[in-house]
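Participant: Pasting final-v4.cif here (mmCIF, C-alpha atoms and all ligand atoms):
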```
data_run
#
loop_
_atom_site.label_atom_id
_atom_site.label_comp_id
_atom_site.auth_asym_id
_atom_site.auth_seq_id
_atom_site.Cartn_x
_atom_site.Cartn_y
_atom_site.Cartn_z
CA MET Q 1 2.53 6.14 11.37
CA ALA Q 2 6.21 6.55 12.20
CA GLY Q 3 7.72 4.95 15.29
CA THR Q 4 6.27 2.45 17.74
CA SER Q 5 9.16 2.18 20.15
CA GLY Q 6 7.34 2.63 23.44
CA ARG Q 7 8.50 6.21 24.02
CA ILE Q 8 5.61 6.76 26.45
CA ALA Q 9 5.05 3.14 27.49
CA ASP Q 10 2.89 2.69 30.58
CA LYS Q 11 1.95 6.38 30.76
CA MET Q 12 -1.67 7.44 31.15
CA ALA Q 13 -2.73 10.26 28.81
CA PHE Q 14 -5.84 12.45 28.67
CA VAL Q 15 -6.44 14.14 25.30
CA THR Q 16 -9.19 16.74 24.86
CA GLY Q 17 -10.70 17.09 21.42
CA GLY Q 18 -9.32 13.60 20.81
CA ALA Q 19 -12.10 12.52 18.46
CA SER Q 20 -11.06 14.51 15.37
CA GLY Q 21 -8.19 16.09 13.48
CA LEU Q 22 -4.98 16.74 15.41
CA GLY Q 23 -6.35 15.20 18.60
CA LEU Q 24 -7.25 12.00 16.79
CA ASP Q 25 -3.76 11.71 15.33
CA ILE Q 26 -2.24 12.41 18.78
CA VAL Q 27 -4.41 9.66 20.30
CA ARG Q 28 -3.36 7.14 17.64
CA ARG Q 29 0.32 8.00 18.05
CA PHE Q 30 0.17 7.84 21.86
CA VAL Q 31 -1.47 4.39 21.72
CA ALA Q 32 1.13 3.20 19.19
CA GLU Q 33 3.87 4.39 21.56
CA GLY Q 34 2.52 2.38 24.48
CA ALA Q 35 0.33 4.82 26.42
CA SER Q 36 -3.20 4.29 27.67
CA VAL Q 37 -5.39 7.16 26.51
CA VAL Q 38 -8.59 8.72 27.74
CA ILE Q 39 -10.24 10.35 24.72
CA ALA Q 40 -12.21 13.38 25.95
CA ASP Q 41 -14.49 15.18 23.54
CA ILE Q 42 -17.84 16.92 23.25
CA ASP Q 43 -18.61 14.68 20.25
CA ALA Q 44 -19.62 11.42 21.92
CA ALA Q 45 -20.38 9.47 18.73
CA ALA Q 46 -16.95 10.07 17.18
CA GLY Q 47 -15.14 9.68 20.51
CA GLU Q 48 -16.83 6.40 21.40
CA ALA Q 49 -16.18 4.97 17.95
CA LEU Q 50 -12.47 5.82 18.17
CA ALA Q 51 -12.20 4.46 21.71
CA ALA Q 52 -13.81 1.18 20.64
CA GLU Q 53 -11.49 0.89 17.64
CA LEU Q 54 -8.35 1.47 19.72
CA GLY Q 55 -9.41 -0.34 22.88
CA GLN Q 56 -9.18 2.90 24.89
CA ARG Q 57 -11.63 4.80 27.08
CA PHE Q 58 -13.89 7.71 26.05
CA VAL Q 59 -15.27 10.37 28.36
CA LYS Q 60 -17.69 13.07 27.27
CA LEU Q 61 -16.32 16.49 28.14
CA ASP Q 62 -17.21 20.05 27.25
CA VAL Q 63 -13.89 21.71 28.08
CA SER Q 64 -15.61 25.03 28.82
CA ASN Q 65 -17.62 23.44 31.65
CA GLU Q 66 -15.91 23.11 35.04
CA ALA Q 67 -18.34 20.48 36.36
CA ASP Q 68 -17.62 18.35 33.28
CA TRP Q 69 -13.88 18.56 33.97
CA LEU Q 70 -14.26 17.53 37.60
CA ALA Q 71 -16.52 14.60 36.67
CA ALA Q 72 -14.20 13.44 33.86
CA LEU Q 73 -11.03 13.64 35.96
CA ASP Q 74 -12.80 11.87 38.81
CA THR Q 75 -12.94 8.78 36.59
CA CYS Q 76 -9.11 8.77 36.28
CA GLU Q 77 -6.87 7.44 39.02
CA ARG Q 78 -3.64 8.80 37.56
CA ILE Q 79 -2.72 10.98 34.60
CA ASP Q 80 0.84 11.52 33.33
CA ILE Q 81 0.09 13.48 30.15
CA LEU Q 82 -2.63 16.06 29.53
CA VAL Q 83 -3.09 17.45 26.03
CA ASN Q 84 -5.38 20.50 26.07
CA ASN Q 85 -6.12 20.24 22.38
CA ALA Q 86 -9.88 20.87 22.00
CA GLY Q 87 -10.59 24.10 20.17
CA ILE Q 88 -12.76 25.96 17.73
CA THR Q 89 -12.00 28.70 15.20
CA THR Q 90 -14.34 31.64 14.86
CA HIS Q 91 -13.83 33.58 11.65
CA GLY Q 92 -14.29 37.36 11.70
CA SER Q 93 -12.64 40.75 12.12
CA ILE Q 94 -13.10 43.05 15.11
CA GLU Q 95 -15.82 44.81 13.06
CA ASP Q 96 -17.71 41.62 12.14
CA LEU Q 97 -17.63 39.74 15.43
CA THR Q 98 -20.35 39.94 18.04
CA ILE Q 99 -19.38 39.89 21.70
CA ASP Q 100 -21.22 36.57 22.02
CA ALA Q 101 -19.09 34.99 19.30
CA PHE Q 102 -15.94 36.40 20.92
CA ARG Q 103 -16.94 35.02 24.32
CA HIS Q 104 -17.79 31.63 22.85
CA GLU Q 105 -14.35 31.37 21.27
CA PHE Q 106 -12.74 32.21 24.62
CA SER Q 107 -14.98 29.83 26.57
CA VAL Q 108 -13.67 26.85 24.60
CA ASP Q 109 -10.11 27.82 23.66
CA VAL Q 110 -9.08 29.69 26.82
CA ASP Q 111 -11.42 28.62 29.65
CA GLY Q 112 -10.93 25.03 28.50
CA VAL Q 113 -7.15 25.25 28.81
CA PHE Q 114 -7.39 27.12 32.12
CA LEU Q 115 -9.65 24.44 33.61
CA GLY Q 116 -7.45 21.61 32.38
CA CYS Q 117 -4.22 23.15 33.71
CA LYS Q 118 -5.90 23.84 37.06
CA HIS Q 119 -7.76 20.62 37.77
CA ILE Q 120 -5.02 18.29 36.53
CA ILE Q 121 -2.80 19.31 39.46
CA PRO Q 122 -4.20 16.82 42.02
CA LYS Q 123 -3.91 14.04 39.43
CA MET Q 124 -0.26 14.78 38.61
CA LYS Q 125 1.56 16.55 41.41
CA ASP Q 126 2.60 13.45 43.35
CA HIS Q 127 4.43 11.87 40.42
CA GLY Q 128 4.93 14.70 37.87
CA GLY Q 129 3.81 14.86 34.28
CA SER Q 130 3.52 16.88 31.10
CA VAL Q 131 0.79 19.32 30.09
CA ILE Q 132 0.70 20.30 26.42
CA ASN Q 133 -1.49 23.20 25.35
CA MET Q 134 -2.52 23.53 21.71
CA SER Q 135 -2.04 27.16 20.75
CA SER Q 136 -1.44 28.11 17.12
CA MET Q 137 0.73 30.08 14.77
CA CYS Q 138 -2.25 32.48 15.13
CA GLY Q 139 -1.25 32.96 18.78
CA VAL Q 140 2.03 34.45 17.56
CA ARG Q 141 1.13 36.26 14.33
CA ALA Q 142 -2.19 38.11 13.87
CA GLN Q 143 -4.64 37.96 10.96
CA GLY Q 144 -7.21 40.70 10.39
CA ASP Q 145 -10.06 38.22 9.98
CA LEU Q 146 -9.38 36.07 13.05
CA ALA Q 147 -9.65 38.57 15.92
CA ALA Q 148 -11.23 36.20 18.46
CA TYR Q 149 -9.03 33.24 17.54
CA ASN Q 150 -5.85 35.35 17.54
CA ALA Q 151 -6.68 36.71 20.98
CA ALA Q 152 -7.63 33.30 22.37
CA LYS Q 153 -4.50 31.53 21.12
CA ALA Q 154 -2.26 34.37 22.34
CA ALA Q 155 -3.91 33.96 25.74
CA VAL Q 156 -3.12 30.22 25.68
CA THR Q 157 0.51 31.03 24.82
CA HIS Q 158 1.02 33.26 27.84
CA LEU Q 159 -1.18 31.26 30.21
CA THR Q 160 1.13 28.31 29.46
CA LYS Q 161 4.14 30.26 30.68
CA SER Q 162 2.45 31.33 33.91
CA VAL Q 163 1.30 27.77 34.58
CA ALA Q 164 4.79 26.40 33.82
CA LEU Q 165 6.34 28.80 36.35
CA HIS Q 166 3.82 27.85 39.02
CA TYR Q 167 4.22 24.09 38.51
CA ALA Q 168 8.02 24.42 38.58
CA ARG Q 169 8.22 26.67 41.64
CA LYS Q 170 5.88 24.38 43.55
CA GLY Q 171 8.17 21.45 42.78
CA TYR Q 172 5.32 19.41 41.30
CA GLY Q 173 7.50 17.97 38.54
CA ILE Q 174 4.87 19.00 36.01
CA ARG Q 175 5.98 20.68 32.79
CA CYS Q 176 3.73 22.85 30.62
CA ASN Q 177 4.48 23.82 27.02
CA SER Q 178 2.53 25.20 24.08
CA VAL Q 179 2.46 23.89 20.51
CA HIS Q 180 1.90 26.29 17.60
CA PRO Q 181 0.84 24.59 14.38
CA GLY Q 182 0.55 26.45 11.12
CA ALA Q 183 -2.51 25.59 9.02
CA ILE Q 184 -3.03 21.82 9.03
CA HIS Q 185 -5.77 20.35 6.88
CA THR Q 186 -8.19 18.92 9.45
CA PRO Q 187 -11.97 19.34 9.83
CA ILE Q 188 -11.42 22.64 11.68
CA LEU Q 189 -10.26 24.26 8.41
CA ASP Q 190 -13.35 22.94 6.61
CA LYS Q 191 -15.46 24.54 9.36
CA VAL Q 192 -13.67 27.89 8.88
CA MET Q 193 -14.06 27.67 5.07
CA ALA Q 194 -17.78 27.08 5.60
CA GLN Q 195 -17.97 30.50 7.29
CA VAL Q 196 -16.76 32.52 4.25
CA ASP Q 197 -18.06 33.39 0.76
CA ASP Q 198 -14.97 32.23 -1.18
CA PRO Q 199 -13.45 29.17 0.55
CA GLN Q 200 -10.96 28.42 -2.25
CA ALA Q 201 -9.51 31.94 -2.01
CA LEU Q 202 -9.18 31.49 1.75
CA TYR Q 203 -7.44 28.13 1.30
CA ASP Q 204 -5.04 29.54 -1.33
CA GLY Q 205 -4.33 32.43 1.02
CA TRP Q 206 -3.37 29.99 3.78
CA VAL Q 207 -0.95 28.17 1.48
CA ALA Q 208 0.58 31.50 0.43
CA THR Q 209 1.34 32.43 4.06
CA HIS Q 210 3.45 29.29 4.56
CA PRO Q 211 6.97 29.83 3.14
CA ILE Q 212 7.35 26.04 2.89
CA GLY Q 213 4.60 26.21 0.20
CA ARG Q 214 1.98 23.84 1.60
CA LEU Q 215 -0.23 23.20 4.61
CA GLY Q 216 0.95 20.84 7.33
CA LYS Q 217 -0.09 17.27 8.09
CA PRO Q 218 -1.51 16.05 11.43
CA GLU Q 219 1.43 13.67 11.93
CA GLU Q 220 3.81 16.65 11.79
CA ILE Q 221 2.07 17.99 14.89
CA SER Q 222 1.60 14.73 16.79
CA ALA Q 223 5.37 14.17 16.43
CA ILE Q 224 6.17 17.26 18.52
CA VAL Q 225 3.37 16.47 20.97
CA LEU Q 226 4.84 12.99 21.48
CA TYR Q 227 8.26 14.53 22.17
CA LEU Q 228 6.72 16.87 24.77
CA ALA Q 229 4.75 14.00 26.32
CA SER Q 230 7.85 11.83 26.65
CA ASP Q 231 10.70 12.13 29.14
CA GLU Q 232 12.96 13.16 26.23
CA SER Q 233 11.70 16.72 26.78
CA ALA Q 234 12.36 16.67 30.56
CA PHE Q 235 14.15 20.07 30.53
CA ALA Q 236 11.51 21.88 28.42
CA THR Q 237 8.88 23.95 30.16
CA GLY Q 238 7.07 27.21 29.43
CA ALA Q 239 8.26 27.06 25.83
CA GLU Q 240 6.55 27.70 22.49
CA PHE Q 241 7.05 24.90 19.96
CA ARG Q 242 6.31 26.30 16.50
CA VAL Q 243 5.65 23.74 13.76
CA ASP Q 244 4.23 26.05 11.13
CA GLY Q 245 6.08 25.83 7.82
CA GLY Q 246 7.67 29.19 8.62
CA SER Q 247 4.31 30.98 8.70
CA SER Q 248 5.00 32.85 11.94
CA LEU Q 249 8.20 34.42 10.60
N1 LIG Q 301 -5.95 22.50 12.02
C1 LIG Q 301 -5.21 23.61 12.08
O1 LIG Q 301 -4.85 24.22 11.06
C2 LIG Q 301 -4.77 24.14 13.42
C3 LIG Q 301 -3.73 25.07 13.45
C4 LIG Q 301 -3.33 25.58 14.66
C5 LIG Q 301 -3.92 25.18 15.83
N2 LIG Q 301 -4.94 24.27 15.77
C6 LIG Q 301 -5.56 23.89 17.04
O2 LIG Q 301 -5.49 22.48 17.18
C7 LIG Q 301 -6.61 22.04 17.96
C8 LIG Q 301 -7.32 20.91 17.24
O3 LIG Q 301 -7.79 21.39 15.99
P1 LIG Q 301 -8.22 20.43 14.81
O4 LIG Q 301 -7.67 21.03 13.58
O5 LIG Q 301 -7.89 19.03 15.13
O6 LIG Q 301 -9.80 20.65 14.82
P2 LIG Q 301 -11.03 19.62 14.69
O7 LIG Q 301 -12.22 20.49 14.51
O8 LIG Q 301 -10.73 18.57 13.69
O9 LIG Q 301 -11.07 18.91 16.11
C9 LIG Q 301 -11.42 19.62 17.28
C10 LIG Q 301 -11.98 18.63 18.28
O10 LIG Q 301 -12.33 19.37 19.45
C11 LIG Q 301 -13.62 18.98 19.85
N3 LIG Q 301 -14.25 20.06 20.59
C12 LIG Q 301 -14.73 21.23 20.10
N4 LIG Q 301 -15.27 21.95 21.10
C13 LIG Q 301 -15.14 21.21 22.22
C14 LIG Q 301 -15.50 21.41 23.58
N5 LIG Q 301 -16.15 22.52 23.98
N6 LIG Q 301 -15.20 20.47 24.48
C15 LIG Q 301 -14.56 19.33 24.10
N7 LIG Q 301 -14.21 19.06 22.82
C16 LIG Q 301 -14.50 20.01 21.91
C17 LIG Q 301 -14.36 18.64 18.56
O11 LIG Q 301 -15.50 17.81 18.80
C18 LIG Q 301 -13.26 17.94 17.78
O12 LIG Q 301 -13.22 16.57 18.06
C19 LIG Q 301 -7.48 23.27 18.21
O13 LIG Q 301 -7.17 23.81 19.47
C20 LIG Q 301 -7.04 24.22 17.11
O14 LIG Q 301 -7.27 25.57 17.43
C21 LIG Q 301 -5.37 23.74 14.60
#
```
For this file, produce the structure as structure tokens.
Ligand SMILES: NC(=O)c1ccc[n+]([C@@H]2O[C@H](COP(=O)([O-])OP(=O)(O)OC[C@H]3O[C@@H](n4cnc5c(N)ncnc54)[C@H](O)[C@@H]3O)[C@@H](O)[C@H]2O)c1
Facilitator:
Amino acid sequence: MAGTSGRIADKMAFVTGGASGLGLDIVRRFVAEGASVVIADIDAAAGEALAAELGQRFVKLDVSNEADWLAALDTCERIDILVNNAGITTHGSIEDLTIDAFRHEFSVDVDGVFLGCKHIIPKMKDHGGSVINMSSMCGVRAQGDLAAYNAAKAAVTHLTKSVALHYARKGYGIRCNSVHPGAIHTPILDKVMAQVDDPQALYDGWVATHPIGRLGKPEEISAIVLYLASDESAFATGAEFRVDGGSSL
């Protein structure tokens, strides 16, 4: 992993979906850069194992559940960095999807971000901080077979801007930005491939939509998240940070 120069030394971070994929890489990078991290995830086995390995703390959290959020945040005295990263990807067109599947996608990917942005305020407003919401290239550019995911990630994109304006106008010193990865090979892609008849064709299709000619790597996303978490990005708020191999162009 690149860089261990204490860019977020002594900061306290809370990372949702921190037990796998992008969240896991963000957790490792934050710890390497000097932060203490609360790993929050619905998957207790993976989260506890990672916390034990890194000497950090795990808290079980279903991001779609408000009571879970309040209980998890209650265990934290101070938080400087919140990464609303937990998410799922529901495959399907408007014709295929049931309303239940659509609502489930929104409950995790949108309600989860809403609850995090809302309930972090008392933990951050006295000293300021950075909230980073994981949207997607799919929140910018639509695909015919990802109707629920496209809509959810577009909602995260615009919610981020509204939240950023509110935090700024209130003078809380809290910034809020969204990150938009292209396709990155993590377990979430394996879960999407498991939902279709021809996973290899789907994978090849993803590669073809990235002008750079490959999928991304988790460390290419945690690098921008680290920048947004650090004071180096002190003038950035309400912005969309696209790291997508050109796929949103
Ligand atoms: N991998 C990609 O290609 C890609 C691209 C763009 C955006 N993203 C976004 O990045 C984020 C992380 O994706 P990933 O690729 O690391 O996926 P992943 O499946 O590897 O990890 C997601 C993590 O979120 C957790 N999670 C799922 N539902 C949860 C819930 N209700 N409450 C708490 N935790 C929950 C899972 O247990 C898992 O640890 C997601 O928001 C995803 O939409 C991923």
Participant: Out of Q:Ser230, Q:Ser222, Q:Gln195, Q:Thr4, which residue has the shortest atom-to-atom distance to ligand LIG 301 (chain Q) when counting all atoms listed in the file?
Facilitator: Q:Ser222
Participant: Using all atoms listed in the file, which residues sit within 7 Å of Ala152 in chain Q once same-chain residues fewer than 3 positions away are excluded, as a list in words?
Facilitator: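 Returned residues: Phe106, Asp109, Val110, Ala148, Tyr149, Ala155 and Val156 of chain Q.
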Participant: For Val225 in chain Q, which of Q:Ile132, Q:Val243, Q:Val37, Q:Ala44 is the closest residue, counting all atoms listed in the file?
Facilitator: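 The shortest atom-to-atom distance to Val225 in chain Q comes from Q:Ile132.
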Participant: Could you check which of Q:Asp198, Q:Glu105, Q:Glu240, Q:Glu77 is closest to Ile120 in chain Q, using all atoms listed in the file?
Facilitator: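 Answer, going by the shortest atom-to-atom distance: Q:Glu77.
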Participant: For Ile88 in chain Q, list every protein, DNA or RNA residue within 12 Å, evaluated using all atoms listed in the file, and leave out those in the same chain fewer than 4 positions away; present the list as a PyMOL selection string.
Facilitator: chain Q and resi 17+20-21+42+63-64+101-110+112+134-136+146+148-150+152-153+186-192
Participant: With only C-alpha atoms counted, which protein, DNA or RNA residues have an atom no more than 12 Å from (6.5, 11.3, 35.2) in the file frame? Please answer as JSON, numbers by chain.
Facilitator: {"Q": [8, 9, 10, 11, 12, 13, 78, 79, 80, 81, 82, 123, 124, 125, 126, 127, 128, 129, 130, 131, 172, 173, 174, 175, 228, 229, 230, 231, 232, 233, 234]}
Participant: I'd like the contact shell of Gly55 in chain Q - 10 Å cut-off, only C-alpha atoms, skipping same-chain residues fewer than 4 positions apart - returned as a VMD selection string.
Facilitator: chain Q and resid 31 36 to 37 49 to 51
Participant: For Ile212 in chain Q, please output as a list in words all residues within 10 Å (counting all atoms listed in the file; exclusion window: fewer than 6 positions along the same chain).
Facilitator: Asp244, Gly245, Gly246 and Ser247 of chain Q
Participant: Residues at most 10 Å from range 70-74 of chain Q, counting all atoms listed in the file, excluding those fewer than 4 positions away in the same chain, as an NGL selection string?
Facilitator: :Q and (14 or 38 or 40 or 58-62 or 65-66 or 78-79 or 115-116 or 119-120 or 122-123)
Participant: Could you tell me how far CA of Asp41 in chain Q sits from CA of Cys76 in chain Q, in Å to one decimal place?
Facilitator: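 So the answer is 15.2 Å.
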Participant: Taking into account all atoms listed in the file, which residue in the set Q:His210, Q:Arg28, Q:His180, Q:Lys161 is nearest to ligand LIG 301 (chain Q)?
Facilitator: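 Ranking Q:His210, Q:Arg28, Q:His180, Q:Lys161 by distance to ligand LIG 301 (chain Q), first place goes to Q:His180.
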Participant: Work out how far apart CA of Arg141 in chain Q and CA of Tyr167 in chain Q are and give it in Å to one decimal.
Facilitator: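 Computing the Euclidean distance for CA of Arg141 in chain Q and CA of Tyr167 in chain Q yields 27.2 Å.
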Participant: Would you please work out which residue, of Q:His91, Q:Lys118, Q:His185, Q:Lys170, is nearest to Trp69 in chain Q when using all atoms listed in the file?
Facilitator: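 Residue with the minimum atom-to-atom distance to Trp69 in chain Q: Q:Lys118.
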Participant: Let me make sure I understand: among Q:Val83, Q:Val113, Q:Ala19, Q:Leu54, which one has the smallest atom-to-atom distance to ligand LIG 301 (chain Q) if we use all atoms listed in the file?
Facilitator: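 Among the listed residues, Q:Ala19 lies closest to ligand LIG 301 (chain Q).
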Participant: Box time for ligand LIG 301 (chain Q): axis-aligned, enclosing all its listed atoms, 8 Å extra on each side; report centre and edge lengths in Å to one decimal, as lines of an AutoDock Vina configuration file.
Facilitator:
```
center_x = -9.7
center_y = 21.1
center_z = 17.8
size_x = 28.8
size_y = 25.0
size_z = 29.4
```
Participant: Tell me, in Å to one decimal, how far atom O9 of ligand LIG 301 (chain Q) is from CA of Ala46 in chain Q.
Facilitator: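 That distance, rounded to one decimal, is 10.7 Å.
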Participant: Output file request: range 163-178 of chain Q, with C-alpha atoms, as a compact mmCIF listing (two decimals), in the first residue's frame.
Facilitator:
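Everything below was put into decode29.txt:
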```
# COMPACT_ATOMS: atom_id res chain seq x y z
CA VAL Q 163 -26.05 17.94 2.77
CA ALA Q 164 -22.86 19.84 1.86
CA LEU Q 165 -24.82 23.09 1.54
CA HIS Q 166 -26.55 22.56 4.88
CA TYR Q 167 -23.34 21.71 6.76
CA ALA Q 168 -21.57 24.73 5.24
CA ARG Q 169 -24.37 27.24 5.86
CA LYS Q 170 -24.70 26.08 9.46
CA GLY Q 171 -20.98 26.70 9.96
CA TYR Q 172 -20.40 23.18 11.25
CA GLY Q 173 -17.05 22.86 9.47
CA ILE Q 174 -18.20 19.55 8.02
CA ARG Q 175 -17.56 18.84 4.34
CA CYS Q 176 -19.50 16.30 2.28
CA ASN Q 177 -18.37 14.92 -1.08
CA SER Q 178 -19.26 11.97 -3.28
```
